[in-house]
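Novice: After the C-alpha cells below, expect a handful of questions from me.
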Amino acid sequence: MIKKGFFKLLLLVGVLILFFQSGNILRAFFPLAYEEVITNYAQEYGVDEHLVMAVIKAESNFETDAVSHKTAKGLMQLMPDTANWIAGKLGLGSLSEEALLTPEMNIGLGCYYLSYLEELYDGDLTCVLAAYNAGHGNVDRWLLDPAYSADQKTLTKIPYAETEQYVAKVKNYLRIYRMLYPTEEEKTE
C-alpha cells in the first residue's frame with residue numbers, strides 16, 4: 001500500500017518537474033544562436049524574427065557550415081545563385097563561398113529574401129515558405145493551376161511532398177519559437 005502511494009507521489013513530482021522545466025527542455029531542442037544578428041536583419045527587412053529562427057531551425061538546425069546535397073549553404077541554406085542575386089540587389093557584388101557561410105551575411109541575405117517573398121505573395125506564409133523551399137517560379141505556376149489554387153493568391157495544395165512537409169514544419173517551428181523566445185514587445189503585452 002505504501003509503495004503504491006509513494007509511486008504516485010513520485011510520479012506527480014516528476015510530472016511537476018517536467019511541467020516547470022518544459023521550457024528549458026524545449027530550448028535544448030529549439031536552440032537560438034545569433035539572436036542579435038537575427039533581430040537586426042529581421043527588423044531591417046521587416047520580417048518576423050521568429051520566422052527567421054524557424055527557417056534556420058528547419059534549414060540547418062543552426063549549423064553555420066551546413067551545405068545541402070543541392071549546394072544550398074549556411075544557416076538559411078541559400079542557393080549560391082539566389083545569394084548572388086540578392087547580393088547584387090543589395091550592391092554587394094559577387095559572394096565567395098566563405099562569405100556566404102558567415103552567419104552575418106547568410107542571415108542578412110536570408111532575411112532580405114524572406115522580405116522579398118513576403119512582398120511578392122502579399123504576406124501569405126504558405127506561399128512564402130513554399131517559394132523559399134521550391135522556388136518562386138514553381139509557386140507562381142501552382143497559383144495559376146486550379147488544382148492547387150482556387151483564387152490564384154493562396155495555395156490549397158502543394159504538389160511537392162517535400163515542400164508540403166517543409167511548410168508544415170516551419171509553421172510548427174514558428175509557433176514554438178514564438179512561445180519560447182518572446183520579443184520584448186510580446187513580454188510586455
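Note on naming: chains are A, B, ... as they come in the C-alpha cells, residues start from 1 per chain, ligands start from 1 in the order shown.
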Would you list the contacts of Met53 (chain A) as number ranges by chain, taking every protein, DNA or RNA residue within 12 Å and counting only C-alpha atoms, but skipping same-chain residues closer than 5 positions in sequence?
Specialist: A: 30-39, 41-42, 47-48, 58-62, 75-76, 107, 110-111, 114, 170-178, 180-182
Novice: Those residues with C-alpha atoms, as a tab-separated table (two decimals), in the first residue's frame please?
Specialist:
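Below is the file out-v7.tsv, written as the result:
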chain	number	residue	atom	x	y	z
A	30	PHE	CA	14.98	24.54	-30.27
A	31	PRO	CA	18.19	26.49	-29.81
A	32	LEU	CA	18.68	30.13	-30.52
A	33	ALA	CA	22.02	31.39	-31.69
A	34	TYR	CA	22.87	34.66	-33.44
A	35	GLU	CA	19.87	36.32	-31.79
A	36	GLU	CA	21.23	39.84	-32.22
A	37	VAL	CA	22.02	39.27	-35.90
A	38	ILE	CA	18.58	37.75	-36.50
A	39	THR	CA	16.83	40.60	-34.70
A	41	TYR	CA	18.24	41.94	-40.01
A	42	ALA	CA	14.63	40.93	-39.31
A	47	VAL	CA	10.47	40.18	-41.27
A	48	ASP	CA	9.20	38.35	-38.18
A	58	ALA	CA	14.36	23.79	-40.40
A	59	GLU	CA	17.15	24.51	-42.86
A	60	SER	CA	20.36	23.98	-40.87
A	61	ASN	CA	19.50	23.45	-37.21
A	62	PHE	CA	21.76	26.45	-36.54
A	75	LEU	CA	22.31	28.81	-41.69
A	76	MET	CA	19.47	29.73	-44.02
A	107	ILE	CA	21.17	35.74	-42.17
A	110	GLY	CA	18.07	35.23	-45.97
A	111	CYS	CA	16.07	37.98	-44.25
A	114	LEU	CA	12.07	36.34	-46.96
A	170	VAL	CA	8.43	25.68	-40.43
A	171	LYS	CA	4.94	26.74	-39.33
A	172	ASN	CA	5.21	24.40	-36.33
A	173	TYR	CA	8.69	25.68	-35.51
A	174	LEU	CA	7.38	29.24	-35.80
A	175	ARG	CA	4.76	28.56	-33.11
A	176	ILE	CA	7.39	27.00	-30.85
A	177	TYR	CA	9.91	29.82	-31.29
A	178	ARG	CA	7.22	32.42	-30.57
A	180	LEU	CA	9.97	30.03	-26.21
A	181	TYR	CA	11.53	33.34	-27.19
A	182	PRO	CA	9.00	36.17	-26.95
Novice: With DSSP run on the backbone, what are the helix (DSSP H, G or I) residues within region 32-180 of chain A? I'd like them as a ChimeraX atom specification.
Specialist: /A:35-45,49-60,80-89,97-101,103-120,125-134,136-144,161-180
Novice: So which one's closest to Tyr116 (chain A), A:Ile86, A:Leu144, A:Leu95, A:Ala130? Using only C-alpha atoms, please.
Specialist: A:Ile86
Novice: Which of these, A:Asn133, A:Thr71, A:Asn138, A:Gln77, has the shortest distance to Leu109 (chain A) once you count only C-alpha atoms?
Specialist: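 Among A:Asn133, A:Thr71, A:Asn138, A:Gln77, it is A:Gln77 that comes nearest to Leu109 (chain A).
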Novice: Between A:Val139, A:Leu125, A:Lys73, A:Ala134, which one has atoms that come closest to Met105 (chain A), using only C-alpha atoms?
Specialist: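 The shortest atom-to-atom distance to Met105 (chain A) comes from A:Lys73.
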